[in-house]
>>> print(open('target08.csv').read())   # CSV, C-alpha atoms
chain,number,residue,atom,x,y,z
X,1,MET,CA,105.6,77.9,81.0
X,2,CYS,CA,102.1,77.4,82.4
X,3,LEU,CA,99.2,76.6,80.2
X,4,ALA,CA,95.5,76.8,81.0
X,5,LEU,CA,93.8,73.7,79.8
X,6,PRO,CA,89.9,73.7,79.8
X,7,ALA,CA,88.2,70.5,80.8
X,8,GLN,CA,84.7,71.3,79.7
X,9,ALA,CA,81.7,69.2,79.0
X,10,GLN,CA,82.3,69.7,75.3
X,11,ASP,CA,85.7,68.0,75.6
X,12,PHE,CA,84.9,64.4,74.9
X,13,VAL,CA,85.8,61.3,72.8
X,14,ASP,CA,83.3,59.0,71.2
X,15,SER,CA,83.2,55.3,71.7
X,16,GLN,CA,80.8,52.4,71.6
X,17,GLY,CA,80.0,49.8,74.2
X,18,PRO,CA,82.1,48.6,77.1
X,19,LEU,CA,85.8,49.4,76.8
X,20,GLU,CA,88.6,47.3,78.3
X,21,ASP,CA,90.4,49.0,81.2
X,22,THR,CA,93.5,50.3,79.2
X,23,ALA,CA,91.3,51.8,76.5
X,24,PHE,CA,89.1,53.5,79.1
X,25,TYR,CA,92.0,54.9,81.0
X,26,ARG,CA,93.7,56.3,77.9
X,27,LEU,CA,90.5,57.9,76.7
X,28,VAL,CA,89.9,59.8,79.9
X,29,ALA,CA,93.5,60.5,80.7
X,30,CYS,CA,95.0,61.4,77.2
X,31,ALA,CA,91.9,61.7,75.0
X,32,ALA,CA,92.9,58.6,73.0
X,33,PRO,CA,90.1,57.0,70.9
X,34,PRO,CA,89.8,53.3,71.2
X,35,GLU,CA,92.9,51.8,69.5
X,36,GLY,CA,94.0,55.3,68.6
X,37,ASN,CA,96.8,57.7,69.7
X,38,CYS,CA,96.7,60.2,72.6
X,39,ALA,CA,95.5,63.6,71.7
X,40,LYS,CA,96.8,65.2,74.9
X,41,PRO,CA,99.7,64.4,77.3
X,42,PHE,CA,99.1,62.7,80.6
X,43,TYR,CA,98.8,65.5,83.1
X,44,LYS,CA,99.5,64.7,86.7
X,45,TRP,CA,100.2,66.3,90.1
X,46,ASP,CA,103.7,65.7,91.3
X,47,LYS,CA,102.8,65.7,95.0
X,48,THR,CA,100.7,63.3,97.1
X,49,ASP,CA,98.8,65.8,99.3
X,50,ILE,CA,96.4,68.0,97.3
X,51,THR,CA,94.0,70.5,98.9
X,52,VAL,CA,90.6,71.4,97.7
X,53,GLY,CA,88.2,74.2,98.7
X,54,ILE,CA,85.6,76.7,97.9
X,55,VAL,CA,87.2,80.2,97.7
X,56,GLN,CA,84.4,82.2,96.1
X,57,ARG,CA,80.7,82.2,96.9
X,58,ALA,CA,78.5,84.4,94.8
X,59,PRO,CA,75.3,85.7,96.6
X,60,ALA,CA,73.2,83.7,94.2
X,61,PHE,CA,74.4,80.6,96.1
X,62,LEU,CA,73.5,81.7,99.6
X,63,GLY,CA,71.1,79.4,101.5
X,64,GLY,CA,70.4,75.8,100.4
X,65,LYS,CA,72.6,75.9,97.3
X,66,LEU,CA,75.7,76.9,99.3
X,67,LYS,CA,75.1,74.2,101.9
X,68,ARG,CA,74.7,71.6,99.2
X,69,ALA,CA,77.9,72.8,97.4
X,70,GLU,CA,79.9,72.7,100.6
X,71,ALA,CA,78.6,69.2,101.4
X,72,SER,CA,79.4,68.1,97.9
X,73,VAL,CA,83.0,69.0,98.2
X,74,VAL,CA,83.4,67.0,101.4
X,75,ARG,CA,81.6,64.0,99.9
X,76,ALA,CA,83.7,64.1,96.7
X,77,ILE,CA,86.9,64.2,98.8
X,78,GLN,CA,85.7,61.2,100.8
X,79,ARG,CA,84.8,59.2,97.7
X,80,LEU,CA,88.1,60.0,95.8
X,81,ASN,CA,90.2,59.2,98.9
X,82,ALA,CA,88.4,55.8,99.2
X,83,THR,CA,89.7,54.7,95.8
X,84,GLY,CA,93.1,53.7,97.1
X,85,MET,CA,95.0,55.9,94.6
X,86,GLY,CA,98.4,57.1,95.6
X,87,ILE,CA,97.4,60.7,96.5
X,88,THR,CA,95.2,62.2,99.3
X,89,LEU,CA,92.8,65.0,99.0
X,90,ARG,CA,92.2,67.4,101.9
X,91,LEU,CA,89.8,70.2,102.5
X,92,ASP,CA,91.4,73.7,102.7
X,93,GLU,CA,89.5,76.9,102.0
X,94,VAL,CA,92.4,79.2,102.7
X,95,ASP,CA,94.9,78.5,99.9
X,96,PRO,CA,93.8,75.2,98.2
X,97,ASP,CA,95.6,73.7,95.2
X,98,ILE,CA,92.2,73.1,93.6
X,99,THR,CA,90.1,76.3,93.9
X,100,ILE,CA,86.3,76.2,93.5
X,101,HIS,CA,84.4,79.3,92.5
X,102,LEU,CA,80.6,79.5,92.8
X,103,LEU,CA,79.9,82.1,90.1
X,104,ASP,CA,76.9,84.2,89.3
X,105,ILE,CA,77.2,83.1,85.7
X,106,THR,CA,74.6,81.0,83.8
X,107,ARG,CA,75.3,78.1,81.6
X,108,GLY,CA,76.2,79.2,78.0
X,109,GLN,CA,77.5,82.6,79.2
X,110,GLU,CA,81.1,83.7,78.6
X,111,ILE,CA,83.2,84.0,81.7
X,112,THR,CA,84.8,87.4,81.9
X,113,GLU,CA,85.8,87.7,85.6
X,114,SER,CA,89.2,89.3,85.7
X,115,SER,CA,90.1,87.4,88.8
X,116,LEU,CA,89.9,84.1,86.9
X,117,PRO,CA,92.5,84.2,84.1
X,118,LEU,CA,92.4,80.4,83.6
X,119,LEU,CA,88.7,80.6,82.8
X,120,ASN,CA,88.3,84.0,81.2
X,121,GLY,CA,86.9,83.7,77.7
X,122,ARG,CA,85.6,80.2,78.2
X,123,THR,CA,81.9,79.4,77.8
X,124,MET,CA,80.3,78.3,81.0
X,125,ALA,CA,78.8,74.8,81.2
X,126,ASN,CA,77.2,73.5,84.4
X,127,ALA,CA,80.7,73.7,85.6
X,128,ILE,CA,84.1,74.1,84.0
X,129,THR,CA,87.6,73.0,85.1
X,130,ALA,CA,91.0,74.3,83.9
X,131,LEU,CA,94.4,73.1,84.8
X,132,ASP,CA,97.5,75.2,85.3
X,133,VAL,CA,100.4,73.1,84.0
X,134,GLU,CA,104.1,73.2,83.6
X,135,GLY,CA,105.2,70.7,81.0
X,136,THR,CA,103.0,67.7,82.0
X,137,THR,CA,102.9,68.6,85.7
X,138,ILE,CA,99.7,70.1,87.2
X,139,ARG,CA,100.6,73.1,89.4
X,140,GLY,CA,97.0,74.1,90.1
X,141,ALA,CA,93.4,73.8,89.1
X,142,ILE,CA,90.3,76.0,89.1
X,143,ILE,CA,86.7,74.9,89.0
X,144,GLY,CA,83.9,77.3,88.2
X,145,PHE,CA,80.3,76.5,88.9
X,146,SER,CA,77.4,78.1,87.1
X,147,ASN,CA,74.3,79.5,88.9
X,148,SER,CA,71.9,77.5,86.7
X,149,MET,CA,72.4,74.0,88.1
X,150,THR,CA,69.7,72.4,90.2
X,151,ILE,CA,70.6,71.5,93.8
X,152,ARG,CA,70.3,67.8,92.9
X,153,GLN,CA,73.1,68.1,90.4
X,154,TYR,CA,75.7,69.5,92.7
X,155,GLU,CA,77.0,66.2,94.2
X,156,SER,CA,77.5,64.6,90.8
X,157,VAL,CA,79.1,67.6,89.1
X,158,MET,CA,81.4,68.3,92.0
X,159,LEU,CA,82.7,64.7,91.9
X,160,GLU,CA,83.2,64.9,88.2
X,161,GLU,CA,85.0,68.2,88.2
X,162,ILE,CA,87.4,67.4,91.0
X,163,THR,CA,88.2,64.1,89.2
X,164,GLN,CA,89.0,66.1,86.1
X,165,ALA,CA,91.2,68.4,88.2
X,166,LEU,CA,93.3,65.4,89.0
X,167,GLY,CA,94.2,65.0,85.3
X,168,LEU,CA,91.4,62.8,83.9
X,169,ILE,CA,90.3,65.7,81.8
X,170,THR,CA,88.4,64.0,78.9
X,171,ASP,CA,84.7,62.9,79.1
X,172,ILE,CA,83.6,59.7,77.4
X,173,GLN,CA,80.6,59.9,75.0
X,174,ASN,CA,79.2,56.4,75.0
X,175,PRO,CA,75.7,55.5,76.1
X,176,TYR,CA,77.0,52.4,77.9
X,177,TYR,CA,78.8,54.6,80.4
X,178,ARG,CA,75.8,56.8,81.2
X,179,SER,CA,75.2,55.0,84.5
X,180,ARG,CA,78.7,53.6,84.8
X,181,SER,CA,81.1,56.6,84.8
X,182,ILE,CA,81.2,60.0,86.5
X,183,LEU,CA,83.0,61.1,83.3
X,184,SER,CA,80.1,60.2,81.0
X,185,GLN,CA,79.2,62.9,78.5
X,186,ASN,CA,75.8,61.3,78.2
X,187,ALA,CA,74.9,61.4,81.8
X,188,ASP,CA,72.3,63.8,83.3
X,189,ASN,CA,74.4,64.6,86.4
X,190,SER,CA,72.4,62.1,88.5
X,191,LEU,CA,75.4,59.7,89.1
X,192,LYS,CA,76.9,60.5,92.5
X,193,ILE,CA,79.5,57.8,92.8
X,194,LEU,CA,82.7,56.8,90.9
X,195,GLY,CA,82.2,53.9,88.5
X,196,LYS,CA,84.4,50.8,88.7
X,197,GLN,CA,86.5,52.0,85.8
X,198,ASP,CA,86.7,55.6,87.1
X,199,ARG,CA,88.4,54.1,90.2
X,200,MET,CA,90.6,52.0,88.1
X,201,ALA,CA,91.7,55.0,86.0
X,202,LEU,CA,92.5,57.1,89.1
X,203,ILE,CA,94.7,54.3,90.5
X,204,ARG,CA,96.5,53.9,87.2
X,205,HIS,CA,97.1,57.6,87.1
X,206,TYR,CA,98.3,57.7,90.7
X,207,PRO,CA,99.5,54.2,91.7
X,208,PRO,CA,99.6,53.6,95.4
X,209,ASN,CA,103.0,53.3,97.0
>>> encode(input="target08.csv", output="structure tokens")
Amino acid sequence: MCLALPAQAQDFVDSQGPLEDTAFYRLVACAAPPEGNCAKPFYKWDKTDITVGIVQRAPAFLGGKLKRAEASVVRAIQRLNATGMGITLRLDEVDPDITIHLLDITRGQEITESSLPLLNGRTMANAITALDVEGTTIRGAIIGFSNSMTIRQYESVMLEEITQALGLITDIQNPYYRSRSILSQNADNSLKILGKQDRMALIRHYPPN
């Protein structure tokens, strides 16, 4: 049975100060509070080649916004592939595993597009990601972007959402990580690179061969 799992900005776990690597990984991968139990399973792709691409472009994104969004996908793929994790991302806008939808929907608005069953009924944040899973295996992922982000936020948000689409679906609410993790709930979407522990978590989730 497939299950839509929202990975929204509201989906976070609180912590304080720097976390050691195992605690950080468990927080972002299975929503475990420090020294606590997992609140979610560890969701993972079961293949090593995963495609990503924009498949929907609302007219509100034409021009500079669209160019920035497209460039942000390419940059995110480059940065994620550079981590050394055991999977490879590849751009594909025909039939990607991770579909990206640039929607004419503002932050705070309910998503009601009939073509997006994994997102329907969710409240839009700057962006929102949902996983289509069977057991603990990710079969697909969908990312929706709002029309209310500023252009300067695209690169950061795209990197965060694709990272979440790989199974690191929980944000960390901790001021220490504001400038140290792409998954920081406290960040203002200005961080455009993966933090050291973000890279560690991806490698733990997908160990290289």
>>> residues_near_point(input="target08.csv", point="(80.5, 79.4, 91.5)", cutoff="6 Å", atoms="only C-alpha atoms", output="list in words")
His101, Leu102, Leu103, Gly144, Phe145 and Ser146 of chain X
>>> atom_distance(input="target08.csv", atom1="atom CA of X:Asp97", atom2="atom CA of X:Asp132")
10.2 Å
>>> atom_distance(input="target08.csv", atom1="atom CA of X:Asp14", atom2="atom CA of X:Gly36")
11.6 Å
>>> residues_around(input="target08.csv", residues="X:Thr106", least_positions_apart="6", cutoff="7 Å", atoms="only C-alpha atoms", output="PyMOL selection string")
chain X and resi 124+146-148
>>> residues_around(input="target08.csv", residues="stretch 46-59 of chain X", least_positions_apart="6", cutoff="7 Å", atoms="only C-alpha atoms", output="PyMOL selection string")
chain X and resi 86-93+96-104+137
>>> closest_atom_pairs(input="target08.csv", of="stretch 97-141 of chain X", to="stretch 169-188 of chain X", cutoff="10 Å", atoms="only C-alpha atoms", output="tab-separated table")
residue	atom	partner	partner_atom	distance
X:Thr129	CA	X:Ile169	CA	8.5
X:Ala130	CA	X:Ile169	CA	8.9
X:Leu131	CA	X:Ile169	CA	9.0
>>> atom_distance(input="target08.csv", atom1="atom CA of X:Leu116", atom2="atom CA of X:Val13")
27.1 Å
>>> closest_residue(input="target08.csv", among="X:Ile128, X:Met85, X:Ala71, X:Ala141", to="X:Arg204", atoms="only C-alpha atoms")
X:Met85
>>> residues_around(input="target08.csv", residues="X:Cys30", least_positions_apart="5", cutoff="9 Å", atoms="all atoms listed in the file", output="JSON, numbers by chain")
{"X": [25, 37, 38, 39, 40, 41, 42, 43, 167, 168, 169, 170]}
>>> residues_around(input="target08.csv", residues="X:Ile151", least_positions_apart="4", cutoff="9 Å", atoms="only C-alpha atoms", output="list in words")
Gly64, Lys65, Arg68, Ala69 and Glu155 of chain X
>>> closest_residue(input="target08.csv", among="X:Arg152, X:Gln16, X:Thr163, X:Ile138", to="X:Ile203", atoms="only C-alpha atoms")
X:Thr163
>>> residues_near_point(input="target08.csv", point="(78.7, 55.7, 96.6)", cutoff="10 Å", atoms="only C-alpha atoms", output="tab-separated table (two decimals) with C-alpha atoms, keeping the file's coordinate frame")
chain	number	residue	atom	x	y	z
X	75	ARG	CA	81.60	64.00	99.90
X	76	ALA	CA	83.70	64.10	96.70
X	78	GLN	CA	85.70	61.20	100.80
X	79	ARG	CA	84.80	59.20	97.70
X	191	LEU	CA	75.40	59.70	89.10
X	192	LYS	CA	76.90	60.50	92.50
X	193	ILE	CA	79.50	57.80	92.80
X	194	LEU	CA	82.70	56.80	90.90
X	195	GLY	CA	82.20	53.90	88.50
>>> closest_residue(input="target08.csv", among="X:Phe12, X:Lys67, X:Thr83, X:Ile105", to="X:Pro33", atoms="all atoms listed in the file")
X:Phe12
>>> residues_around(input="target08.csv", residues="stretch 121-123 of chain X", least_positions_apart="3", cutoff="10 Å", atoms="only C-alpha atoms", output="ChimeraX atom specification")
/X:6,8,105-113,116-118,127-128,130
>>> decode(input="target08.csv", residues="stretch 172-184 of chain X", atoms="all heavy atoms", output="PDB file, in the first residue's frame")
ATOM      1  N   ILE X 172      15.105  20.227  11.651  1.00  0.00           N
ATOM      2  CA  ILE X 172      15.631  20.370  12.997  1.00  0.00           C
ATOM      3  C   ILE X 172      15.402  21.798  13.475  1.00  0.00           C
ATOM      4  O   ILE X 172      15.830  22.751  12.821  1.00  0.00           O
ATOM      5  CB  ILE X 172      17.125  19.971  13.064  1.00  0.00           C
ATOM      6  CG1 ILE X 172      17.663  20.133  14.479  1.00  0.00           C
ATOM      7  CG2 ILE X 172      17.961  20.738  12.046  1.00  0.00           C
ATOM      8  CD1 ILE X 172      19.040  19.526  14.679  1.00  0.00           C
ATOM      9  N   GLN X 173      14.687  21.944  14.587  1.00  0.00           N
ATOM     10  CA  GLN X 173      14.476  23.273  15.162  1.00  0.00           C
ATOM     11  C   GLN X 173      15.506  23.464  16.277  1.00  0.00           C
ATOM     12  O   GLN X 173      15.373  22.912  17.363  1.00  0.00           O
ATOM     13  CB  GLN X 173      13.061  23.444  15.722  1.00  0.00           C
ATOM     14  CG  GLN X 173      12.861  24.795  16.402  1.00  0.00           C
ATOM     15  CD  GLN X 173      11.444  25.289  16.310  1.00  0.00           C
ATOM     16  OE1 GLN X 173      10.947  25.596  15.232  1.00  0.00           O
ATOM     17  NE2 GLN X 173      10.778  25.374  17.442  1.00  0.00           N
ATOM     18  N   ASN X 174      16.516  24.231  15.957  1.00  0.00           N
ATOM     19  CA  ASN X 174      17.639  24.406  16.859  1.00  0.00           C
ATOM     20  C   ASN X 174      18.451  25.582  16.323  1.00  0.00           C
ATOM     21  O   ASN X 174      19.030  25.479  15.235  1.00  0.00           O
ATOM     22  CB  ASN X 174      18.464  23.115  16.876  1.00  0.00           C
ATOM     23  CG  ASN X 174      19.666  23.180  17.785  1.00  0.00           C
ATOM     24  OD1 ASN X 174      20.215  24.240  18.053  1.00  0.00           O
ATOM     25  ND2 ASN X 174      20.117  22.020  18.242  1.00  0.00           N
ATOM     26  N   PRO X 175      18.514  26.693  17.048  1.00  0.00           N
ATOM     27  CA  PRO X 175      19.231  27.873  16.525  1.00  0.00           C
ATOM     28  C   PRO X 175      20.670  27.597  16.115  1.00  0.00           C
ATOM     29  O   PRO X 175      21.191  28.252  15.210  1.00  0.00           O
ATOM     30  CB  PRO X 175      19.163  28.858  17.697  1.00  0.00           C
ATOM     31  CG  PRO X 175      17.942  28.459  18.460  1.00  0.00           C
ATOM     32  CD  PRO X 175      17.865  26.958  18.339  1.00  0.00           C
ATOM     33  N   TYR X 176      21.295  26.613  16.735  1.00  0.00           N
ATOM     34  CA  TYR X 176      22.687  26.290  16.403  1.00  0.00           C
ATOM     35  C   TYR X 176      22.835  25.911  14.932  1.00  0.00           C
ATOM     36  O   TYR X 176      23.872  26.178  14.312  1.00  0.00           O
ATOM     37  CB  TYR X 176      23.167  25.133  17.291  1.00  0.00           C
ATOM     38  CG  TYR X 176      24.557  24.641  16.960  1.00  0.00           C
ATOM     39  CD1 TYR X 176      25.683  25.290  17.450  1.00  0.00           C
ATOM     40  CD2 TYR X 176      24.743  23.518  16.144  1.00  0.00           C
ATOM     41  CE1 TYR X 176      26.964  24.843  17.135  1.00  0.00           C
ATOM     42  CE2 TYR X 176      26.022  23.066  15.830  1.00  0.00           C
ATOM     43  CZ  TYR X 176      27.122  23.730  16.330  1.00  0.00           C
ATOM     44  OH  TYR X 176      28.379  23.284  16.007  1.00  0.00           O
ATOM     45  N   TYR X 177      21.788  25.292  14.368  1.00  0.00           N
ATOM     46  CA  TYR X 177      21.874  24.780  13.002  1.00  0.00           C
ATOM     47  C   TYR X 177      21.376  25.768  11.954  1.00  0.00           C
ATOM     48  O   TYR X 177      21.333  25.439  10.770  1.00  0.00           O
ATOM     49  CB  TYR X 177      21.126  23.456  12.893  1.00  0.00           C
ATOM     50  CG  TYR X 177      21.907  22.330  13.528  1.00  0.00           C
ATOM     51  CD1 TYR X 177      21.611  21.903  14.815  1.00  0.00           C
ATOM     52  CD2 TYR X 177      22.975  21.738  12.868  1.00  0.00           C
ATOM     53  CE1 TYR X 177      22.346  20.890  15.421  1.00  0.00           C
ATOM     54  CE2 TYR X 177      23.717  20.734  13.457  1.00  0.00           C
ATOM     55  CZ  TYR X 177      23.402  20.308  14.739  1.00  0.00           C
ATOM     56  OH  TYR X 177      24.147  19.323  15.330  1.00  0.00           O
ATOM     57  N   ARG X 178      21.042  26.973  12.374  1.00  0.00           N
ATOM     58  CA  ARG X 178      20.498  27.947  11.429  1.00  0.00           C
ATOM     59  C   ARG X 178      21.433  28.158  10.237  1.00  0.00           C
ATOM     60  O   ARG X 178      20.985  28.271   9.089  1.00  0.00           O
ATOM     61  CB  ARG X 178      20.242  29.278  12.135  1.00  0.00           C
ATOM     62  CG  ARG X 178      19.695  30.347  11.201  1.00  0.00           C
ATOM     63  CD  ARG X 178      19.196  31.555  11.958  1.00  0.00           C
ATOM     64  NE  ARG X 178      18.578  32.508  11.051  1.00  0.00           N
ATOM     65  CZ  ARG X 178      17.681  33.399  11.403  1.00  0.00           C
ATOM     66  NH1 ARG X 178      17.277  33.460  12.661  1.00  0.00           N
ATOM     67  NH2 ARG X 178      17.178  34.242  10.543  1.00  0.00           N
ATOM     68  N   SER X 179      22.718  28.237  10.488  1.00  0.00           N
ATOM     69  CA  SER X 179      23.690  28.440   9.413  1.00  0.00           C
ATOM     70  C   SER X 179      24.508  27.180   9.143  1.00  0.00           C
ATOM     71  O   SER X 179      25.506  27.234   8.435  1.00  0.00           O
ATOM     72  CB  SER X 179      24.636  29.591   9.776  1.00  0.00           C
ATOM     73  OG  SER X 179      25.359  29.284  10.951  1.00  0.00           O
ATOM     74  N   ARG X 180      24.068  26.039   9.714  1.00  0.00           N
ATOM     75  CA  ARG X 180      24.863  24.821   9.621  1.00  0.00           C
ATOM     76  C   ARG X 180      24.130  23.649   8.970  1.00  0.00           C
ATOM     77  O   ARG X 180      24.729  22.617   8.752  1.00  0.00           O
ATOM     78  CB  ARG X 180      25.324  24.396  11.016  1.00  0.00           C
ATOM     79  CG  ARG X 180      26.306  25.356  11.666  1.00  0.00           C
ATOM     80  CD  ARG X 180      26.662  24.902  13.075  1.00  0.00           C
ATOM     81  NE  ARG X 180      27.741  25.681  13.654  1.00  0.00           N
ATOM     82  CZ  ARG X 180      27.563  26.797  14.351  1.00  0.00           C
ATOM     83  NH1 ARG X 180      26.322  27.255  14.557  1.00  0.00           N
ATOM     84  NH2 ARG X 180      28.613  27.453  14.841  1.00  0.00           N
ATOM     85  N   SER X 181      22.838  23.791   8.689  1.00  0.00           N
ATOM     86  CA  SER X 181      22.096  22.684   8.095  1.00  0.00           C
ATOM     87  C   SER X 181      21.032  23.197   7.145  1.00  0.00           C
ATOM     88  O   SER X 181      20.275  24.121   7.482  1.00  0.00           O
ATOM     89  CB  SER X 181      21.435  21.818   9.178  1.00  0.00           C
ATOM     90  OG  SER X 181      20.600  20.829   8.577  1.00  0.00           O
ATOM     91  N   ILE X 182      20.948  22.584   5.968  1.00  0.00           N
ATOM     92  CA  ILE X 182      19.898  22.930   5.012  1.00  0.00           C
ATOM     93  C   ILE X 182      18.538  22.521   5.547  1.00  0.00           C
ATOM     94  O   ILE X 182      17.498  23.016   5.091  1.00  0.00           O
ATOM     95  CB  ILE X 182      20.176  22.258   3.648  1.00  0.00           C
ATOM     96  CG1 ILE X 182      19.382  22.948   2.520  1.00  0.00           C
ATOM     97  CG2 ILE X 182      19.905  20.767   3.689  1.00  0.00           C
ATOM     98  CD1 ILE X 182      19.840  24.336   2.208  1.00  0.00           C
ATOM     99  N   LEU X 183      18.506  21.638   6.566  1.00  0.00           N
ATOM    100  CA  LEU X 183      17.249  21.155   7.141  1.00  0.00           C
ATOM    101  C   LEU X 183      16.847  21.930   8.391  1.00  0.00           C
ATOM    102  O   LEU X 183      15.978  21.499   9.133  1.00  0.00           O
ATOM    103  CB  LEU X 183      17.383  19.665   7.469  1.00  0.00           C
ATOM    104  CG  LEU X 183      17.674  18.758   6.262  1.00  0.00           C
ATOM    105  CD1 LEU X 183      17.998  17.346   6.717  1.00  0.00           C
ATOM    106  CD2 LEU X 183      16.502  18.763   5.298  1.00  0.00           C
ATOM    107  N   SER X 184      17.455  23.091   8.613  1.00  0.00           N
ATOM    108  CA  SER X 184      17.138  23.890   9.792  1.00  0.00           C
ATOM    109  C   SER X 184      15.770  24.546   9.665  1.00  0.00           C
ATOM    110  O   SER X 184      15.489  25.247   8.695  1.00  0.00           O
ATOM    111  CB  SER X 184      18.199  24.972   9.992  1.00  0.00           C
ATOM    112  OG  SER X 184      17.802  25.879  11.005  1.00  0.00           O
TER     113      SER X 184
END
